[in-house]
Structure formats: C-alpha cells, structure tokens
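**Student:** Contents of start.cif (mmCIF, C-alpha atoms) are given next:
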```cif
data_my_file
#
loop_
_atom_site.label_atom_id
_atom_site.label_comp_id
_atom_site.auth_asym_id
_atom_site.auth_seq_id
_atom_site.Cartn_x
_atom_site.Cartn_y
_atom_site.Cartn_z
CA MET T 1 -14.78 -5.35 -8.57
CA ARG T 2 -14.06 -7.81 -5.74
CA LYS T 3 -16.48 -10.40 -7.09
CA GLN T 4 -15.42 -10.17 -10.74
CA LEU T 5 -11.64 -9.75 -10.77
CA HIS T 6 -11.39 -12.31 -13.58
CA ARG T 7 -13.49 -10.17 -15.95
CA GLN T 8 -12.17 -7.51 -18.29
CA LEU T 9 -14.04 -4.75 -16.48
CA THR T 10 -14.16 -1.34 -18.17
CA LEU T 11 -14.91 2.09 -16.76
CA GLU T 12 -18.16 2.00 -18.70
CA ASP T 13 -19.14 -1.26 -16.95
CA LEU T 14 -18.40 0.18 -13.52
CA ALA T 15 -20.10 3.52 -14.18
CA ARG T 16 -23.17 1.72 -15.50
CA THR T 17 -23.35 -0.38 -12.33
CA ALA T 18 -23.18 2.81 -10.24
CA MET T 19 -25.79 4.43 -12.53
CA LEU T 20 -23.54 7.43 -13.17
CA SER T 21 -21.87 8.91 -16.19
CA ARG T 22 -18.25 7.88 -16.63
CA TYR T 23 -17.04 11.38 -15.67
CA HIS T 24 -19.10 11.64 -12.47
CA PHE T 25 -18.35 8.05 -11.51
CA CYS T 26 -14.57 8.58 -11.76
CA ARG T 27 -14.73 11.87 -9.84
CA THR T 28 -16.93 10.42 -7.09
CA PHE T 29 -14.87 7.24 -6.83
CA ARG T 30 -11.62 9.19 -6.39
CA ARG T 31 -13.23 11.44 -3.77
CA VAL T 32 -14.37 8.40 -1.74
CA THR T 33 -11.31 6.14 -2.11
CA GLY T 34 -8.48 8.56 -2.85
CA ILE T 35 -7.51 6.86 -6.12
CA SER T 36 -9.05 6.18 -9.53
CA PRO T 37 -11.27 3.16 -10.31
CA THR T 38 -8.59 1.61 -12.53
CA GLN T 39 -5.96 1.98 -9.80
CA PHE T 40 -8.30 0.44 -7.24
CA LEU T 41 -9.13 -2.50 -9.51
CA SER T 42 -5.43 -3.10 -10.21
CA ALA T 43 -4.70 -3.02 -6.45
CA LEU T 44 -7.43 -5.59 -5.75
CA ARG T 45 -6.01 -7.84 -8.46
CA MET T 46 -2.50 -7.59 -7.02
CA GLU T 47 -3.84 -8.28 -3.52
CA GLU T 48 -5.65 -11.42 -4.74
CA ALA T 49 -2.59 -12.51 -6.72
CA LYS T 50 -0.45 -12.25 -3.57
CA ASN T 51 -3.01 -14.35 -1.70
CA LEU T 52 -3.06 -17.02 -4.41
CA LEU T 53 0.74 -17.13 -4.54
CA GLU T 54 0.83 -17.68 -0.77
CA THR T 55 -2.00 -20.18 -0.40
CA THR T 56 -2.21 -22.22 -3.62
CA CYS T 57 0.00 -24.20 -5.98
CA LEU T 58 -1.44 -22.50 -9.06
CA SER T 59 1.10 -21.47 -11.68
CA VAL T 60 1.83 -17.79 -12.29
CA THR T 61 0.01 -18.10 -15.62
CA GLU T 62 -3.09 -19.55 -13.96
CA ILE T 63 -3.04 -16.83 -11.32
CA SER T 64 -2.70 -14.08 -13.92
CA ILE T 65 -5.83 -15.38 -15.66
CA GLN T 66 -7.77 -15.66 -12.39
CA VAL T 67 -7.10 -12.00 -11.58
CA GLY T 68 -8.09 -10.71 -15.00
CA TYR T 69 -4.91 -10.57 -17.09
CA SER T 70 -4.85 -12.14 -20.54
CA SER T 71 -1.09 -11.60 -20.84
CA MET T 72 1.23 -13.19 -18.27
CA SER T 73 4.06 -10.79 -19.17
CA THR T 74 1.82 -7.79 -18.50
CA PHE T 75 0.75 -9.31 -15.19
CA CYS T 76 4.35 -9.98 -14.11
CA THR T 77 5.47 -6.47 -15.07
CA ARG T 78 2.65 -4.83 -13.13
CA PHE T 79 3.09 -7.16 -10.16
CA ALA T 80 6.78 -6.34 -9.86
CA ALA T 81 6.17 -2.59 -10.21
CA SER T 82 3.36 -2.59 -7.63
CA VAL T 83 4.46 -5.23 -5.12
CA GLY T 84 8.21 -4.68 -5.33
CA VAL T 85 9.26 -8.21 -6.33
CA SER T 86 8.31 -10.62 -9.10
CA PRO T 87 5.51 -13.16 -8.56
CA THR T 88 8.04 -16.01 -8.48
CA MET T 89 10.26 -14.24 -5.95
CA TYR T 90 7.25 -13.36 -3.82
CA ARG T 91 6.19 -17.03 -3.67
CA ARG T 92 9.69 -18.31 -2.94
CA ALA T 93 10.39 -15.73 -0.25
CA GLY T 94 7.32 -16.49 1.87
CA ASP T 95 7.89 -15.20 5.37
CA ALA T 96 11.44 -14.24 4.41
CA ILE T 97 10.23 -11.10 2.61
CA SER T 98 12.73 -8.52 3.86
CA GLU T 99 13.08 -4.76 3.97
CA LEU T 100 15.62 -4.75 1.14
CA HIS T 101 13.03 -4.28 -1.61
CA LEU T 102 11.57 -1.35 0.36
CA ARG T 103 14.61 0.77 -0.42
CA PRO T 104 13.24 4.22 -1.19
CA SER T 105 13.02 5.59 -4.71
CA PRO T 106 16.31 7.19 -5.85
CA LEU T 107 15.30 10.84 -5.63
CA PRO T 108 17.65 13.66 -4.54
CA PRO T 109 17.67 14.21 -0.75
CA SER T 110 16.30 17.56 0.43
CA GLY T 111 17.23 17.77 4.10
CA ALA T 112 13.49 17.67 4.88
CA THR T 113 11.87 15.60 7.61
CA VAL T 114 8.38 14.19 8.12
CA GLN T 115 7.79 13.28 11.73
CA GLY T 116 4.95 12.75 14.14
CA ARG T 117 3.14 10.37 16.41
CA LEU T 118 0.99 7.37 15.54
CA LEU T 119 -1.78 6.60 18.03
CA SER T 120 -3.76 3.40 18.58
CA PRO T 121 -7.56 3.47 18.36
CA ALA T 122 -9.14 4.56 21.62
CA ASP T 123 -10.81 1.17 22.18
CA GLU T 124 -8.25 -1.27 20.79
CA GLN T 125 -4.65 -2.28 21.39
CA VAL T 126 -2.39 -2.68 18.38
CA THR T 127 0.44 -5.13 19.02
CA GLY T 128 1.44 -6.13 15.51
CA PRO T 129 4.13 -4.50 13.37
CA VAL T 130 3.34 -1.16 11.77
CA PHE T 131 4.42 0.13 8.36
CA ILE T 132 4.54 3.88 7.72
CA GLY T 133 5.42 5.09 4.22
CA LEU T 134 5.33 8.08 1.89
CA PHE T 135 3.86 7.53 -1.56
CA PRO T 136 2.92 9.76 -4.54
CA GLU T 137 -0.74 8.71 -4.23
CA ARG T 138 -3.02 7.34 -1.54
CA ILE T 139 -2.04 3.75 -2.11
CA ALA T 140 0.90 1.75 -0.76
CA GLN T 141 2.48 0.43 -3.94
CA GLY T 142 5.83 0.80 -5.66
CA ARG T 143 8.89 2.15 -3.89
CA PRO T 144 8.19 4.57 -1.03
CA ALA T 145 9.86 7.97 -0.78
CA GLY T 146 10.56 7.10 2.86
CA TYR T 147 9.35 4.57 5.38
CA ALA T 148 9.49 3.38 8.98
CA MET T 149 8.77 -0.01 10.54
CA LEU T 150 7.48 0.14 14.13
CA ASP T 151 6.76 -2.67 16.58
CA GLN T 152 3.74 -0.72 17.84
CA PRO T 153 2.19 2.75 17.40
CA ASP T 154 4.79 5.27 18.50
CA ARG T 155 6.66 8.36 17.40
CA PHE T 156 8.28 8.19 13.96
CA GLU T 157 10.67 10.23 11.85
CA LEU T 158 11.36 10.02 8.13
CA THR T 159 14.58 11.84 7.25
CA GLN T 160 15.98 13.18 3.97
CA VAL T 161 12.51 13.13 2.40
CA PRO T 162 12.64 14.18 -1.28
CA CYS T 163 10.83 17.36 -2.22
CA GLY T 164 7.38 16.82 -3.62
CA ARG T 165 3.78 16.05 -2.83
CA TRP T 166 3.40 12.91 -0.73
CA HIS T 167 0.74 10.87 1.02
CA LEU T 168 1.60 9.34 4.40
CA LEU T 169 0.10 5.85 4.67
CA VAL T 170 0.02 3.48 7.65
CA HIS T 171 -0.90 -0.22 7.56
CA THR T 172 -0.96 -2.79 10.34
CA LYS T 173 -3.08 -5.47 12.01
CA ALA T 174 -4.75 -5.24 15.39
CA GLY T 175 -4.31 -7.78 18.16
CA GLU T 176 -1.97 -10.14 16.28
CA GLU T 177 1.43 -10.18 14.65
CA GLY T 178 2.41 -10.62 11.04
CA LEU T 179 1.74 -9.15 7.62
CA PRO T 180 0.29 -9.00 4.96
CA MET T 181 -2.61 -6.95 6.20
CA ASP T 182 -5.70 -9.02 5.65
CA GLY T 183 -8.45 -9.74 8.12
CA HIS T 184 -8.58 -7.10 10.86
CA ARG T 185 -6.58 -4.41 9.11
CA MET T 186 -5.84 -1.04 10.70
CA ILE T 187 -4.90 2.00 8.65
CA ALA T 188 -4.24 5.73 8.85
CA PHE T 189 -3.35 8.30 6.25
CA ALA T 190 -2.60 11.97 5.82
CA GLY T 191 -1.93 14.15 2.83
CA PRO T 192 -1.08 15.41 0.50
CA ILE T 193 1.96 16.70 2.39
CA ILE T 194 4.01 19.28 0.53
CA VAL T 195 7.70 18.76 1.28
CA ARG T 196 10.16 21.59 0.65
CA PRO T 197 13.95 21.66 1.16
CA ALA T 198 15.24 21.71 4.75
CA THR T 199 11.79 21.80 6.35
CA ALA T 200 10.12 19.64 8.99
CA ALA T 201 6.49 18.54 8.66
CA THR T 202 4.75 17.19 11.75
CA VAL T 203 1.80 14.84 11.31
CA ASP T 204 -0.10 13.04 14.08
CA LEU T 205 -2.32 10.13 13.05
CA ARG T 206 -4.70 7.70 14.74
CA LEU T 207 -5.24 4.18 13.46
CA ARG T 208 -8.74 3.04 12.54
CA PRO T 209 -10.26 -0.17 11.14
CA ALA T 210 -10.10 -0.41 7.37
CA ILE T 211 -13.35 -0.27 5.40
CA PRO T 212 -14.08 -1.70 1.91
CA THR T 213 -13.40 1.62 0.19
CA ASP T 214 -9.83 1.80 1.56
CA PRO T 215 -7.29 0.67 -1.05
CA PRO T 216 -5.33 -2.44 -0.05
CA ALA T 217 -1.60 -2.31 0.67
CA VAL T 218 -0.13 -3.69 -2.55
CA LEU T 219 3.51 -3.39 -1.57
CA ALA T 220 5.05 -6.58 -0.16
CA LEU T 221 5.88 -5.77 3.45
CA PRO T 222 8.36 -7.58 5.71
CA ARG T 223 6.86 -10.31 7.90
CA PRO T 224 7.38 -10.97 10.65
CA LEU T 225 9.42 -8.12 12.13
CA GLY T 226 12.26 -8.80 14.51
CA ALA T 227 12.38 -7.62 18.10
CA GLY T 228 13.17 -4.06 19.03
CA ASN T 229 11.62 -0.70 18.28
CA ARG T 230 12.25 0.40 14.71
CA ALA T 231 11.01 3.95 14.94
CA ALA T 232 14.01 5.27 13.01
CA ALA T 233 13.52 5.45 9.25
CA THR T 234 15.21 6.46 6.06
CA THR T 235 14.68 7.71 2.54
CA ARG T 236 18.12 6.79 1.23
CA PRO T 237 19.17 3.25 0.23
CA ASP T 238 22.55 3.64 1.97
CA HIS T 239 21.08 4.87 5.28
CA VAL T 240 18.71 2.17 6.47
CA SER T 241 18.19 2.03 10.23
CA VAL T 242 17.67 -1.47 11.61
#
```
The structure in this file should be written as structure tokens.
**Tutor:**
Amino acid sequence: MRKQLHRQLTLEDLARTAMLSRYHFCRTFRRVTGISPTQFLSALRMEEAKNLLETTCLSVTEISIQVGYSSMSTFCTRFAASVGVSPTMYRRAGDAISELHLRPSPLPPSGATVQGRLLSPADEQVTGPVFIGLFPERIAQGRPAGYAMLDQPDRFELTQVPCGRWHLLVHTKAGEEGLPMDGHRMIAFAGPIIVRPATAATVDLRLRPAIPTDPPAVLALPRPLGAGNRAAATTRPDHVSV
C-alpha cells in the first residue's frame, strides 16, 4: 500500500499479494491493524496528502492524482471528512491549525466520563504534546466524541461522553515537540469501551513506539500547543477547556 498509493488498488490485488482469499485477508488484516484494508489504504493516502500539502507546491489536483484519486471532488470530500478541514484550508493554516475543528461530534451528552492515566514508555521520556481522543473505530479520523490535549503524559478526563462504543486513541511524538505525528511516533489505544449514561470508565494506558501496522492519525491536530497543562477535556462544542 505504502509504495503504490497512486494505483487503483483493489481488495483482490491486496489479497493476492498476501496469498489469501479475500475473506481471510480482510479478517486477518482487521485483526492485526484494527481496521479494514480499505480504511487503512484511505488513511495512508490522507497522510501522504497532508505531507504533500505541507512540503510541496503541487496543486490539490496533482496531489489527488498522486495519492490515487481520479476525481478531485471525491478526494476533497474524503479529505475534509477524515482530516477535519479542506485540503486548501489545511495548506493555508500551516502551523496555525487550531483546536476549533476538533469540536466533538454533536451527539447527546450522557453524563458519562472516561478518565485515566497515560504513562510514558519505561525507557523513554515523552516531552511533546499528546492528543487523546474517542473515536468509533481504531483510527483517529473525523470528529472525536471527546478529546484532551496534554503537554506530557498525565492524568486525563473526558466528560459528557456520548453513549456508545468507542475506541480511546493516543498519538504523540517522543523527545521533540510538534505535530503531525511522523518520524518517531508514540501511540496507545484501548477499546472498545462501552459507555452508558452517568457512568465512569477508568482506563490506564502506556505509550509505545508505533509500528507499520498501526493506522496513522488522519485527523489534523493542533501544532504546536501552547504552554500549560491541558489535561481537562470536553465532548461538547460549548464547553472547551483551554
């Protein structure tokens, strides 16, 4: 996938490469990565598109072709839905990407809380900003059901979490500041977490280095973060702690 993002890859192509039937390939791929092959391929394309928008002067049309889309309108629609802003806005914003587009999805509040403690790896210090979010699947894309931004691994609390089945995802970098998370990426995840009204779920996680089978963080995350500990979090657009 990583080497041939420009190609119109099909499930049959991927399953044939893995020497598995389409059914067994899809089931095995989801077990290993947490998401389907098509979701993973789309995430890689969005990740590469973000990189090209940041580092080149290529037009949005040229970038859409390089990452495997024959229709620019389809590319722009999927980019906005996955990343949170349009390709043009993402390029213009640069380091000014803010938390505004992270406003949680407009679901009814439940009085529920997801809280816990995020730990650094035993042999490494994490000093960069940390994003913690709740998503329907094991991939950080679209609008989160709740999120927190921390200056370093610490305790966190997501309040007014909507009822449902959520995956808690953490993305950061080790030893340096700034997002997006490329290079030495650190991650953690837990789930699915079943959230019911007026309940509190406690989840402790430990960061670890990302490996090639971990889906990238597609969502555009704020960079860089300002000073101060941002362990407070929200799931409601009108209750953002800063």
**Student:** Measuring between only C-alpha atoms, which one of T:Ala112, T:Met19, T:Ile139, T:Ile35 shows the shortest distance to Ala217 (chain T)?
**Tutor:** T:Ile139
**Student:** How many Å lie between CA of Thr17 (chain T) and CA of Arg2 (chain T), rounded to one decimal?
**Tutor:** 13.6 Å
**Student:** Between T:Ser110, T:Gln141, T:Ser73, T:Ser59, which one has atoms that come closest to Thr88 (chain T), using all atoms listed in the file?
**Tutor:**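 Of T:Ser110, T:Gln141, T:Ser73, T:Ser59, the one nearest Thr88 (chain T), counting all atoms listed in the file, is T:Ser59.
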**Student:** T:Leu168, T:Val218, T:Ile187, T:Leu5: which is nearest Pro153 (chain T), counting only C-alpha atoms?
**Tutor:**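 Distance minimum relative to Pro153 (chain T) lands on T:Ile187.
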**Student:** To test your reading of the syntax: which residues would the PyMOL selection byres ((chain T and resi 61) around 12) return for the file shown? Reply as a compact mmCIF listing (two decimals) with C-alpha atoms, keeping the file's coordinate frame.
**Tutor:**
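Printed below is selection32.txt as written:
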```
# COMPACT_ATOMS: atom_id res chain seq x y z
CA ALA T 49 -2.59 -12.51 -6.72
CA LEU T 52 -3.06 -17.02 -4.41
CA LEU T 53 0.74 -17.13 -4.54
CA CYS T 57 0.00 -24.20 -5.98
CA LEU T 58 -1.44 -22.50 -9.06
CA SER T 59 1.10 -21.47 -11.68
CA VAL T 60 1.83 -17.79 -12.29
CA GLU T 62 -3.09 -19.55 -13.96
CA ILE T 63 -3.04 -16.83 -11.32
CA SER T 64 -2.70 -14.08 -13.92
CA ILE T 65 -5.83 -15.38 -15.66
CA GLN T 66 -7.77 -15.66 -12.39
CA VAL T 67 -7.10 -12.00 -11.58
CA GLY T 68 -8.09 -10.71 -15.00
CA TYR T 69 -4.91 -10.57 -17.09
CA SER T 70 -4.85 -12.14 -20.54
CA SER T 71 -1.09 -11.60 -20.84
CA MET T 72 1.23 -13.19 -18.27
CA SER T 73 4.06 -10.79 -19.17
CA THR T 74 1.82 -7.79 -18.50
CA PHE T 75 0.75 -9.31 -15.19
CA CYS T 76 4.35 -9.98 -14.11
CA PRO T 87 5.51 -13.16 -8.56
CA THR T 88 8.04 -16.01 -8.48
```
**Student:** Neighbours of Asp13 (chain T) within 12 Å (only C-alpha atoms; same-chain residues fewer than 6 positions away dropped), as a list in words?
**Tutor:**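 The neighbour list is Met1, Gln4, Arg7, Met19, Leu20, Ser21, Arg22, Phe25, Pro37 and Thr38 of chain T.
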**Student:** Filtering to C-alpha atoms, could you give me those residues as a compact mmCIF listing (two decimals), in the frame of the given file?
**Tutor:**
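The new file result28.txt reads:
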```txt
# COMPACT_ATOMS: atom_id res chain seq x y z
CA MET T 1 -14.78 -5.35 -8.57
CA GLN T 4 -15.42 -10.17 -10.74
CA ARG T 7 -13.49 -10.17 -15.95
CA MET T 19 -25.79 4.43 -12.53
CA LEU T 20 -23.54 7.43 -13.17
CA SER T 21 -21.87 8.91 -16.19
CA ARG T 22 -18.25 7.88 -16.63
CA PHE T 25 -18.35 8.05 -11.51
CA PRO T 37 -11.27 3.16 -10.31
CA THR T 38 -8.59 1.61 -12.53
```
**Student:** For CA of Cys163 (chain T) and CA of Ala140 (chain T), determine how far apart the two atoms are, in Å to one decimal place.
**Tutor:**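 These two atoms are separated by 18.6 Å.
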**Student:** I'd like the contact shell of Cys26 (chain T) - 9 Å cut-off, all atoms listed in the file, skipping same-chain residues fewer than 6 positions apart - returned as a PyMOL selection string.
**Tutor:** chain T and resi 11+15+36-37
**Student:** Mind checking which residues fall within 12 Å of Ala188 (chain T), counting all atoms listed in the file, ignoring those fewer than 5 positions away in the same chain, and posting them as a PyMOL selection string?
**Tutor:** chain T and resi 117-121+130-133+138-140+153+167-173+203-211+214-215+217
**Student:** Nearest to Val114 (chain T): which of T:Met186, T:Leu9, T:Leu134, T:Ala43 is it, counting all atoms listed in the file?
**Tutor:**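 Ranked by minimum distance to Val114 (chain T), first place goes to T:Leu134.
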**Student:** Would you mind telling me which residue in T:Pro192, T:Gly116, T:Pro144, T:Pro212 lies nearest to Val161 (chain T) when using only C-alpha atoms?
**Tutor:**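 Answer, going by the shortest atom-to-atom distance: T:Pro144.
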**Student:** Expand the PyMOL selection byres ((chain T and resi 160) around 7) into the individual residues it matches in the shown file, reporting them as a tab-separated table (two decimals) with C-alpha atoms, in the coordinates of the input.
**Tutor:**
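And here's selection32.tsv as it stands now:
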```tsv
chain	number	residue	atom	x	y	z
T	109	PRO	CA	17.67	14.21	-0.75
T	110	SER	CA	16.30	17.56	0.43
T	111	GLY	CA	17.23	17.77	4.10
T	112	ALA	CA	13.49	17.67	4.88
T	113	THR	CA	11.87	15.60	7.61
T	158	LEU	CA	11.36	10.02	8.13
T	159	THR	CA	14.58	11.84	7.25
T	161	VAL	CA	12.51	13.13	2.40
T	162	PRO	CA	12.64	14.18	-1.28
T	235	THR	CA	14.68	7.71	2.54
```
**Student:** What gap, in Å, lies between CA of Val83 (chain T) and CA of Ala220 (chain T)?
**Tutor:**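 Pair CA of Val83 (chain T) / CA of Ala220 (chain T) returns 5.2 Å.
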**Student:** Out of T:Tyr23, T:Val85, T:Arg155, T:Tyr90, which residue has the shortest atom-to-atom distance to Asn51 (chain T) when counting all atoms listed in the file?
**Tutor:**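 Smallest separation from Asn51 (chain T) among the options: T:Tyr90.
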